[in-house]
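Participant: If it helps, the file is called entry_39.cif and holds mmCIF, N, CA and C atoms and all ligand atoms:
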```
data_target
#
loop_
_atom_site.label_atom_id
_atom_site.label_comp_id
_atom_site.auth_asym_id
_atom_site.auth_seq_id
_atom_site.Cartn_x
_atom_site.Cartn_y
_atom_site.Cartn_z
N MET A 1 129.05 72.79 97.61
CA MET A 1 129.33 74.15 97.19
C MET A 1 130.41 74.72 98.13
N THR A 2 131.40 75.39 97.56
CA THR A 2 132.44 76.00 98.39
C THR A 2 131.87 77.23 99.11
N SER A 3 132.57 77.66 100.15
CA SER A 3 132.13 78.87 100.87
C SER A 3 132.11 80.07 99.94
N SER A 4 133.11 80.18 99.05
CA SER A 4 133.17 81.32 98.13
C SER A 4 131.92 81.36 97.24
N ALA A 5 131.59 80.22 96.66
CA ALA A 5 130.42 80.16 95.77
C ALA A 5 129.14 80.41 96.56
N ALA A 6 129.05 79.85 97.76
CA ALA A 6 127.83 80.01 98.56
C ALA A 6 127.65 81.47 98.98
N VAL A 7 128.74 82.17 99.28
CA VAL A 7 128.63 83.58 99.68
C VAL A 7 128.18 84.43 98.49
N LEU A 8 128.63 84.08 97.29
CA LEU A 8 128.16 84.81 96.10
C LEU A 8 126.65 84.63 95.93
N VAL A 9 126.16 83.41 96.11
CA VAL A 9 124.73 83.15 96.00
C VAL A 9 123.99 83.89 97.11
N LEU A 10 124.58 83.88 98.30
CA LEU A 10 123.98 84.58 99.45
C LEU A 10 123.82 86.07 99.16
N GLN A 11 124.83 86.66 98.56
CA GLN A 11 124.77 88.08 98.21
C GLN A 11 123.60 88.34 97.24
N ASP A 12 123.47 87.51 96.22
CA ASP A 12 122.36 87.66 95.27
C ASP A 12 121.02 87.49 95.97
N LEU A 13 120.95 86.49 96.83
CA LEU A 13 119.72 86.21 97.57
C LEU A 13 119.31 87.41 98.43
N ASP A 14 120.28 88.01 99.09
CA ASP A 14 119.97 89.16 99.94
C ASP A 14 119.51 90.35 99.10
N GLN A 15 120.03 90.50 97.89
CA GLN A 15 119.54 91.56 97.01
C GLN A 15 118.07 91.30 96.63
N LEU A 16 117.74 90.04 96.35
CA LEU A 16 116.35 89.69 96.04
C LEU A 16 115.44 89.90 97.25
N LEU A 17 115.95 89.55 98.43
CA LEU A 17 115.16 89.76 99.65
C LEU A 17 114.87 91.24 99.88
N ALA A 18 115.86 92.08 99.59
CA ALA A 18 115.65 93.53 99.74
C ALA A 18 114.52 93.98 98.82
N LEU A 19 114.49 93.45 97.59
CA LEU A 19 113.41 93.78 96.66
C LEU A 19 112.08 93.25 97.18
N ALA A 20 112.10 92.01 97.68
CA ALA A 20 110.87 91.37 98.15
C ALA A 20 110.25 92.12 99.33
N ARG A 21 111.07 92.84 100.06
CA ARG A 21 110.57 93.57 101.24
C ARG A 21 110.17 95.01 100.90
N ASP A 22 110.34 95.38 99.65
CA ASP A 22 110.00 96.74 99.22
C ASP A 22 108.70 96.69 98.42
N PRO A 23 107.58 97.14 99.02
CA PRO A 23 106.29 97.04 98.34
C PRO A 23 106.27 97.71 96.97
N GLU A 24 106.97 98.83 96.82
CA GLU A 24 107.01 99.50 95.51
C GLU A 24 107.73 98.64 94.48
N ALA A 25 108.82 98.00 94.90
CA ALA A 25 109.56 97.14 93.97
C ALA A 25 108.72 95.92 93.58
N VAL A 26 108.00 95.36 94.55
CA VAL A 26 107.13 94.20 94.26
C VAL A 26 106.04 94.61 93.27
N ALA A 27 105.42 95.76 93.50
CA ALA A 27 104.36 96.23 92.60
C ALA A 27 104.92 96.44 91.19
N ARG A 28 106.13 97.01 91.12
CA ARG A 28 106.77 97.26 89.82
C ARG A 28 107.05 95.94 89.10
N MET A 29 107.55 94.94 89.83
CA MET A 29 107.85 93.63 89.21
C MET A 29 106.57 92.98 88.71
N LYS A 30 105.49 93.10 89.49
CA LYS A 30 104.21 92.50 89.07
C LYS A 30 103.68 93.19 87.82
N ARG A 31 103.84 94.52 87.75
CA ARG A 31 103.39 95.25 86.55
C ARG A 31 104.17 94.80 85.32
N MET A 32 105.44 94.41 85.54
CA MET A 32 106.26 93.94 84.41
C MET A 32 105.96 92.49 84.05
N GLY A 33 105.09 91.85 84.83
CA GLY A 33 104.68 90.49 84.50
C GLY A 33 105.40 89.40 85.29
N PHE A 34 106.24 89.78 86.25
CA PHE A 34 106.90 88.76 87.06
C PHE A 34 105.94 88.22 88.11
N ARG A 35 105.99 86.92 88.31
CA ARG A 35 105.19 86.30 89.36
C ARG A 35 105.98 86.44 90.65
N PHE A 36 105.31 86.76 91.73
CA PHE A 36 106.02 86.93 92.98
C PHE A 36 105.27 86.22 94.10
N ASP A 37 105.96 85.31 94.77
CA ASP A 37 105.32 84.50 95.81
C ASP A 37 105.75 84.88 97.22
N GLY A 38 106.34 86.04 97.40
CA GLY A 38 106.76 86.44 98.73
C GLY A 38 108.19 86.01 99.03
N ALA A 39 108.61 86.29 100.26
CA ALA A 39 110.00 86.09 100.63
C ALA A 39 110.26 84.73 101.29
N ASP A 40 109.23 83.94 101.54
CA ASP A 40 109.43 82.68 102.29
C ASP A 40 110.42 81.74 101.61
N GLY A 41 110.30 81.58 100.30
CA GLY A 41 111.22 80.70 99.58
C GLY A 41 112.65 81.21 99.64
N LEU A 42 112.80 82.52 99.55
CA LEU A 42 114.14 83.12 99.62
C LEU A 42 114.75 82.91 101.00
N LEU A 43 113.92 83.06 102.03
CA LEU A 43 114.42 82.87 103.40
C LEU A 43 114.80 81.41 103.65
N ALA A 44 114.04 80.48 103.09
CA ALA A 44 114.36 79.06 103.24
C ALA A 44 115.69 78.74 102.56
N GLU A 45 115.89 79.30 101.37
CA GLU A 45 117.15 79.08 100.65
C GLU A 45 118.31 79.71 101.40
N ARG A 46 118.09 80.85 102.02
CA ARG A 46 119.14 81.51 102.80
C ARG A 46 119.54 80.63 103.99
N ALA A 47 118.55 80.05 104.64
CA ALA A 47 118.83 79.16 105.79
C ALA A 47 119.62 77.93 105.32
N ARG A 48 119.28 77.42 104.14
CA ARG A 48 120.00 76.26 103.60
C ARG A 48 121.45 76.63 103.28
N LEU A 49 121.65 77.83 102.74
CA LEU A 49 123.00 78.28 102.40
C LEU A 49 123.91 78.40 103.62
N GLU A 50 123.31 78.70 104.76
CA GLU A 50 124.10 78.86 105.98
C GLU A 50 124.90 77.59 106.28
N ARG A 51 124.37 76.45 105.87
CA ARG A 51 125.09 75.19 106.10
C ARG A 51 126.30 75.04 105.17
N ASP A 52 126.29 75.74 104.03
CA ASP A 52 127.37 75.62 103.05
C ASP A 52 128.52 76.60 103.29
N VAL A 53 128.30 77.58 104.15
CA VAL A 53 129.32 78.61 104.34
C VAL A 53 130.04 78.37 105.67
N GLU A 54 131.36 78.36 105.61
CA GLU A 54 132.16 78.24 106.83
C GLU A 54 131.72 79.30 107.82
N ARG A 55 131.62 78.95 109.09
CA ARG A 55 131.07 79.82 110.13
C ARG A 55 131.76 81.20 110.15
N ARG A 56 133.09 81.22 110.06
CA ARG A 56 133.79 82.52 110.15
C ARG A 56 133.41 83.44 109.00
N TRP A 57 133.20 82.85 107.81
CA TRP A 57 132.80 83.68 106.66
C TRP A 57 131.35 84.12 106.78
N TRP A 58 130.51 83.22 107.31
CA TRP A 58 129.11 83.56 107.52
C TRP A 58 129.00 84.76 108.46
N LEU A 59 129.70 84.71 109.58
CA LEU A 59 129.64 85.79 110.56
C LEU A 59 130.19 87.10 109.99
N ALA A 60 131.30 87.01 109.24
CA ALA A 60 131.87 88.22 108.62
C ALA A 60 130.89 88.80 107.61
N TYR A 61 130.24 87.93 106.83
CA TYR A 61 129.25 88.39 105.85
C TYR A 61 128.10 89.10 106.56
N GLU A 62 127.58 88.48 107.60
CA GLU A 62 126.43 89.05 108.31
C GLU A 62 126.78 90.42 108.93
N ARG A 63 127.97 90.53 109.50
CA ARG A 63 128.40 91.82 110.07
C ARG A 63 128.49 92.89 108.98
N SER A 64 129.11 92.52 107.87
CA SER A 64 129.28 93.45 106.77
C SER A 64 127.92 93.85 106.19
N HIS A 65 127.03 92.88 106.05
CA HIS A 65 125.70 93.13 105.51
C HIS A 65 124.91 94.06 106.43
N ALA A 66 124.99 93.82 107.73
CA ALA A 66 124.25 94.65 108.69
C ALA A 66 124.81 96.09 108.70
N ARG A 67 126.12 96.22 108.57
CA ARG A 67 126.73 97.54 108.67
C ARG A 67 126.64 98.35 107.38
N TYR A 68 126.86 97.66 106.24
CA TYR A 68 126.97 98.40 104.97
C TYR A 68 125.83 98.13 103.99
N GLY A 69 124.95 97.19 104.33
CA GLY A 69 123.85 96.88 103.43
C GLY A 69 124.22 95.89 102.33
N ARG A 70 125.48 95.53 102.27
CA ARG A 70 125.96 94.51 101.35
C ARG A 70 126.96 93.66 102.12
N GLY A 71 126.89 92.38 101.91
CA GLY A 71 127.76 91.50 102.67
C GLY A 71 129.11 91.26 102.02
N LEU A 72 129.20 91.55 100.76
CA LEU A 72 130.39 91.18 100.00
C LEU A 72 130.78 92.34 99.10
N THR A 73 132.08 92.55 98.99
CA THR A 73 132.59 93.61 98.14
C THR A 73 133.70 93.05 97.27
N ALA A 74 133.81 93.53 96.07
CA ALA A 74 134.85 93.06 95.15
C ALA A 74 136.18 93.75 95.44
N VAL A 75 137.24 93.11 95.01
CA VAL A 75 138.57 93.71 95.00
C VAL A 75 138.95 93.91 93.54
N GLN A 76 139.37 95.12 93.23
CA GLN A 76 139.76 95.41 91.85
C GLN A 76 141.12 96.09 91.88
N GLY A 77 142.08 95.49 91.25
CA GLY A 77 143.42 96.06 91.22
C GLY A 77 144.00 96.25 92.62
N LYS A 78 143.77 95.30 93.50
CA LYS A 78 144.25 95.31 94.90
C LYS A 78 143.55 96.36 95.77
N VAL A 79 142.46 96.96 95.26
CA VAL A 79 141.74 97.99 96.01
C VAL A 79 140.39 97.45 96.46
N CYS A 80 140.11 97.55 97.76
CA CYS A 80 138.79 97.20 98.29
C CYS A 80 137.79 98.18 97.70
N GLN A 81 136.75 97.66 97.04
CA GLN A 81 135.78 98.54 96.41
C GLN A 81 134.75 99.08 97.40
N GLY A 82 134.90 98.68 98.67
CA GLY A 82 134.02 99.23 99.71
C GLY A 82 134.59 100.49 100.32
N CYS A 83 135.88 100.45 100.69
CA CYS A 83 136.49 101.61 101.37
C CYS A 83 137.62 102.22 100.55
N PHE A 84 137.96 101.61 99.43
CA PHE A 84 138.97 102.11 98.49
C PHE A 84 140.38 102.18 99.07
N VAL A 85 140.65 101.31 100.01
CA VAL A 85 142.01 101.18 100.54
C VAL A 85 142.75 100.15 99.69
N THR A 86 144.00 100.44 99.38
CA THR A 86 144.82 99.47 98.66
C THR A 86 145.26 98.40 99.65
N LEU A 87 144.99 97.16 99.29
CA LEU A 87 145.26 96.04 100.19
C LEU A 87 146.71 95.58 100.01
N PRO A 88 147.30 95.07 101.10
CA PRO A 88 148.68 94.58 100.98
C PRO A 88 148.74 93.38 100.04
N ILE A 89 149.83 93.27 99.33
CA ILE A 89 149.99 92.17 98.38
C ILE A 89 149.90 90.83 99.09
N SER A 90 150.28 90.81 100.37
CA SER A 90 150.22 89.55 101.12
C SER A 90 148.78 89.07 101.33
N ALA A 91 147.80 89.95 101.14
CA ALA A 91 146.40 89.57 101.31
C ALA A 91 145.85 88.85 100.08
N ALA A 92 146.56 88.94 98.95
CA ALA A 92 146.07 88.34 97.71
C ALA A 92 146.16 86.82 97.77
N PRO A 93 145.15 86.15 97.24
CA PRO A 93 145.22 84.69 97.17
C PRO A 93 146.23 84.28 96.09
N PRO A 94 146.70 83.04 96.14
CA PRO A 94 147.62 82.57 95.09
C PRO A 94 146.98 82.73 93.70
N ALA A 95 147.83 82.95 92.70
CA ALA A 95 147.33 83.16 91.33
C ALA A 95 146.40 82.04 90.91
N GLY A 96 145.29 82.42 90.29
CA GLY A 96 144.34 81.44 89.78
C GLY A 96 143.37 80.91 90.82
N GLU A 97 143.52 81.33 92.06
CA GLU A 97 142.64 80.84 93.13
C GLU A 97 141.59 81.90 93.46
N VAL A 98 140.37 81.47 93.67
CA VAL A 98 139.31 82.37 94.12
C VAL A 98 139.18 82.19 95.62
N ALA A 99 139.23 83.28 96.35
CA ALA A 99 139.21 83.13 97.80
C ALA A 99 138.49 84.29 98.47
N LEU A 100 137.93 84.01 99.62
CA LEU A 100 137.32 85.05 100.44
C LEU A 100 138.36 85.61 101.38
N HIS A 101 138.27 86.89 101.64
CA HIS A 101 139.14 87.57 102.60
C HIS A 101 138.30 88.62 103.30
N GLN A 102 138.87 89.19 104.33
CA GLN A 102 138.20 90.29 105.01
C GLN A 102 139.10 91.51 104.93
N CYS A 103 138.53 92.65 104.56
CA CYS A 103 139.31 93.88 104.46
C CYS A 103 139.75 94.29 105.87
N GLN A 104 141.04 94.50 106.03
CA GLN A 104 141.56 94.88 107.34
C GLN A 104 141.22 96.32 107.67
N SER A 105 140.82 97.10 106.70
CA SER A 105 140.47 98.49 106.93
C SER A 105 139.01 98.65 107.34
N CYS A 106 138.08 98.12 106.54
CA CYS A 106 136.66 98.35 106.80
C CYS A 106 135.93 97.12 107.34
N GLY A 107 136.55 95.95 107.25
CA GLY A 107 135.93 94.74 107.77
C GLY A 107 135.00 94.06 106.79
N ARG A 108 134.83 94.64 105.60
CA ARG A 108 133.96 94.01 104.60
C ARG A 108 134.54 92.68 104.17
N LEU A 109 133.65 91.77 103.83
CA LEU A 109 134.08 90.50 103.27
C LEU A 109 134.40 90.75 101.81
N LEU A 110 135.56 90.29 101.39
CA LEU A 110 136.06 90.58 100.04
C LEU A 110 136.03 89.35 99.16
N PHE A 111 135.64 89.56 97.94
CA PHE A 111 135.73 88.50 96.95
C PHE A 111 136.87 88.87 96.04
N TRP A 112 137.92 88.11 96.13
CA TRP A 112 139.16 88.43 95.42
C TRP A 112 139.46 87.31 94.47
N ARG A 113 139.49 87.62 93.18
CA ARG A 113 139.83 86.57 92.22
C ARG A 113 141.06 86.92 91.45
ZN ZN B 201 137.68 97.86 102.78
#
```
Mind converting the file's structure to C-alpha cells?

Facilitator:
Amino acid sequence: MTSSAAVLVLQDLDQLLALARDPEAVARMKRMGFRFDGADGLLAERARLERDVERRWWLAYERSHARYGRGLTAVQGKVCQGCFVTLPISAAPPAGEVALHQCQSCGRLLFWR
C-alpha cells in the first residue's frame, strides 16, 4: 500500500476510533443494530498501518491530528480546506498523480489529487 492510500485509511480509522471512544455514539450504534467489539481491533490495524506510511508523513499526520482533530485535509481548487489559504502552484503534484503534501500555512497534511 502506498503512503497516500495508507494515510487515507488511517484517517478513516481515526474517525472510527473517535466513535469507539464516545459512549453515546457506541450506544447509538448498538441501538441501530451494529455489533461493536471495542477499539482493540482498530488500534491493532492502526499499528499495522504505521508500517505502510513513510515516517515523515506519519509524523506530519500525527501532529496535524493532535492539533486539529483530523490528520488529513483535502485540497480543492488549490485551496487548503483546513486554513483556506491558496497554495502555490509549485506545490501541486504532476497532473494525474495523487500525492501527499504539507500545507506551508497551517501544517496540515494535504491530500491533493
Ligand atoms: Zn492549510

Participant: Val85 (chain A): which residues within 10 Å, counting only C-alpha atoms, same-chain residues fewer than 6 positions away excluded, as a PDB file with N, CA and C atoms, in the frame of the given file?

Facilitator:
```pdb
ATOM      1  N   VAL A  75     137.240  93.110  95.010  1.00  0.00           N
ATOM      2  CA  VAL A  75     138.570  93.710  95.000  1.00  0.00           C
ATOM      3  C   VAL A  75     138.950  93.910  93.540  1.00  0.00           C
ATOM      4  N   LYS A  78     143.770  95.300  93.500  1.00  0.00           N
ATOM      5  CA  LYS A  78     144.250  95.310  94.900  1.00  0.00           C
ATOM      6  C   LYS A  78     143.550  96.360  95.770  1.00  0.00           C
ATOM      7  N   VAL A  79     142.460  96.960  95.260  1.00  0.00           N
ATOM      8  CA  VAL A  79     141.740  97.990  96.010  1.00  0.00           C
ATOM      9  C   VAL A  79     140.390  97.450  96.460  1.00  0.00           C
ATOM     10  N   CYS A 103     138.530  92.650 104.560  1.00  0.00           N
ATOM     11  CA  CYS A 103     139.310  93.880 104.460  1.00  0.00           C
ATOM     12  C   CYS A 103     139.750  94.290 105.870  1.00  0.00           C
ATOM     13  N   GLN A 104     141.040  94.500 106.030  1.00  0.00           N
ATOM     14  CA  GLN A 104     141.560  94.880 107.340  1.00  0.00           C
ATOM     15  C   GLN A 104     141.220  96.320 107.670  1.00  0.00           C
ATOM     16  N   SER A 105     140.820  97.100 106.700  1.00  0.00           N
ATOM     17  CA  SER A 105     140.470  98.490 106.930  1.00  0.00           C
ATOM     18  C   SER A 105     139.010  98.650 107.340  1.00  0.00           C
ATOM     19  N   CYS A 106     138.080  98.120 106.540  1.00  0.00           N
ATOM     20  CA  CYS A 106     136.660  98.350 106.800  1.00  0.00           C
ATOM     21  C   CYS A 106     135.930  97.120 107.340  1.00  0.00           C
TER      22      CYS A 106
END
```

Participant: Could you name the residues that touch region 41-54 of chain A at 7 Å or less, counting only N, CA and C atoms, but leaving out those on the same chain fewer than 5 positions away, as a list in words?

Facilitator: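 The filter keeps Met1, Thr2, Ser3, Ser4, Ala6, Val7, Leu10, Leu13, Leu17 and Leu59 of chain A.
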
Participant: Would you mind exporting the chosen residues as a PDB file, in the coordinates of the input, restricted to N, CA and C atoms?

Facilitator:
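Output contents, as saved in part.pdb:
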```
ATOM      1  N   MET A   1     129.050  72.790  97.610  1.00  0.00           N
ATOM      2  CA  MET A   1     129.330  74.150  97.190  1.00  0.00           C
ATOM      3  C   MET A   1     130.410  74.720  98.130  1.00  0.00           C
ATOM      4  N   THR A   2     131.400  75.390  97.560  1.00  0.00           N
ATOM      5  CA  THR A   2     132.440  76.000  98.390  1.00  0.00           C
ATOM      6  C   THR A   2     131.870  77.230  99.110  1.00  0.00           C
ATOM      7  N   SER A   3     132.570  77.660 100.150  1.00  0.00           N
ATOM      8  CA  SER A   3     132.130  78.870 100.870  1.00  0.00           C
ATOM      9  C   SER A   3     132.110  80.070  99.940  1.00  0.00           C
ATOM     10  N   SER A   4     133.110  80.180  99.050  1.00  0.00           N
ATOM     11  CA  SER A   4     133.170  81.320  98.130  1.00  0.00           C
ATOM     12  C   SER A   4     131.920  81.360  97.240  1.00  0.00           C
ATOM     13  N   ALA A   6     129.050  79.850  97.760  1.00  0.00           N
ATOM     14  CA  ALA A   6     127.830  80.010  98.560  1.00  0.00           C
ATOM     15  C   ALA A   6     127.650  81.470  98.980  1.00  0.00           C
ATOM     16  N   VAL A   7     128.740  82.170  99.280  1.00  0.00           N
ATOM     17  CA  VAL A   7     128.630  83.580  99.680  1.00  0.00           C
ATOM     18  C   VAL A   7     128.180  84.430  98.490  1.00  0.00           C
ATOM     19  N   LEU A  10     124.580  83.880  98.300  1.00  0.00           N
ATOM     20  CA  LEU A  10     123.980  84.580  99.450  1.00  0.00           C
ATOM     21  C   LEU A  10     123.820  86.070  99.160  1.00  0.00           C
ATOM     22  N   LEU A  13     120.950  86.490  96.830  1.00  0.00           N
ATOM     23  CA  LEU A  13     119.720  86.210  97.570  1.00  0.00           C
ATOM     24  C   LEU A  13     119.310  87.410  98.430  1.00  0.00           C
ATOM     25  N   LEU A  17     115.950  89.550  98.430  1.00  0.00           N
ATOM     26  CA  LEU A  17     115.160  89.760  99.650  1.00  0.00           C
ATOM     27  C   LEU A  17     114.870  91.240  99.880  1.00  0.00           C
ATOM     28  N   LEU A  59     129.700  84.710 109.580  1.00  0.00           N
ATOM     29  CA  LEU A  59     129.640  85.790 110.560  1.00  0.00           C
ATOM     30  C   LEU A  59     130.190  87.100 109.990  1.00  0.00           C
TER      31      LEU A  59
END
```

Participant: When you count only N, CA and C atoms and all ligand atoms, which of these residues is closest to ligand ZN 201 (chain B): A:Gly71, A:Pro93, A:Gly82, A:Pro88?

Facilitator: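 Among A:Gly71, A:Pro93, A:Gly82, A:Pro88, it is A:Gly82 that comes nearest to ligand ZN 201 (chain B).
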
Participant: Just the strand (DSSP E or B) stuff from region 1-103 of chain A, please, per backbone DSSP, written as a list in words.

Facilitator: Leu72, Thr73, Ala74, Val75, Gln76, Val79, Cys80, Thr86, Ala99, Leu100, His101 and Gln102 of chain A

Participant: Assign secondary structure with DSSP using the backbone only, and return the residues of region 56-108 of chain A in alpha helix (DSSP H) as a ChimeraX atom specification.

Facilitator: /A:56-68

Participant: Just how far from atom N of Arg108 (chain A) is CA of Tyr68 (chain A), in Å to one decimal?

Facilitator: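 CA of Tyr68 (chain A) sits 8.7 Å away from atom N of Arg108 (chain A).
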
Participant: So how many Å separate CA of Phe34 (chain A) and CA of Val9 (chain A), to one decimal?

Facilitator: 20.7 Å

Participant: How many Å lie between CA of Arg21 (chain A) and CA of Arg63 (chain A), rounded to one decimal?

Facilitator: 20.0 Å

Participant: For a quick check of understanding, using only N, CA and C atoms and all ligand atoms, which of A:Leu110, A:Cys83, A:Ala60, A:Ala91 has the smallest distance to ligand ZN 201 (chain B)?

Facilitator: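 Among the listed residues, the smallest separation from ligand ZN 201 (chain B) belongs to A:Cys83.
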
Participant: From the options A:Asp37, A:Ala95, A:Phe84, A:Ser90, which residue's atoms come nearest to ligand ZN 201 (chain B), counting all atoms listed in the file?

Facilitator: A:Phe84

Participant: Is it possible to get the axis-aligned box enclosing region 34-51 of chain A (all listed atoms, 5 Å extra per side) as lines of an AutoDock Vina configuration file, with centre and edge lengths in Å rounded to one decimal?

Facilitator:
```
center_x = 115.7
center_y = 82.4
center_z = 96.3
size_x = 31.1
size_y = 24.7
size_z = 30.0
```
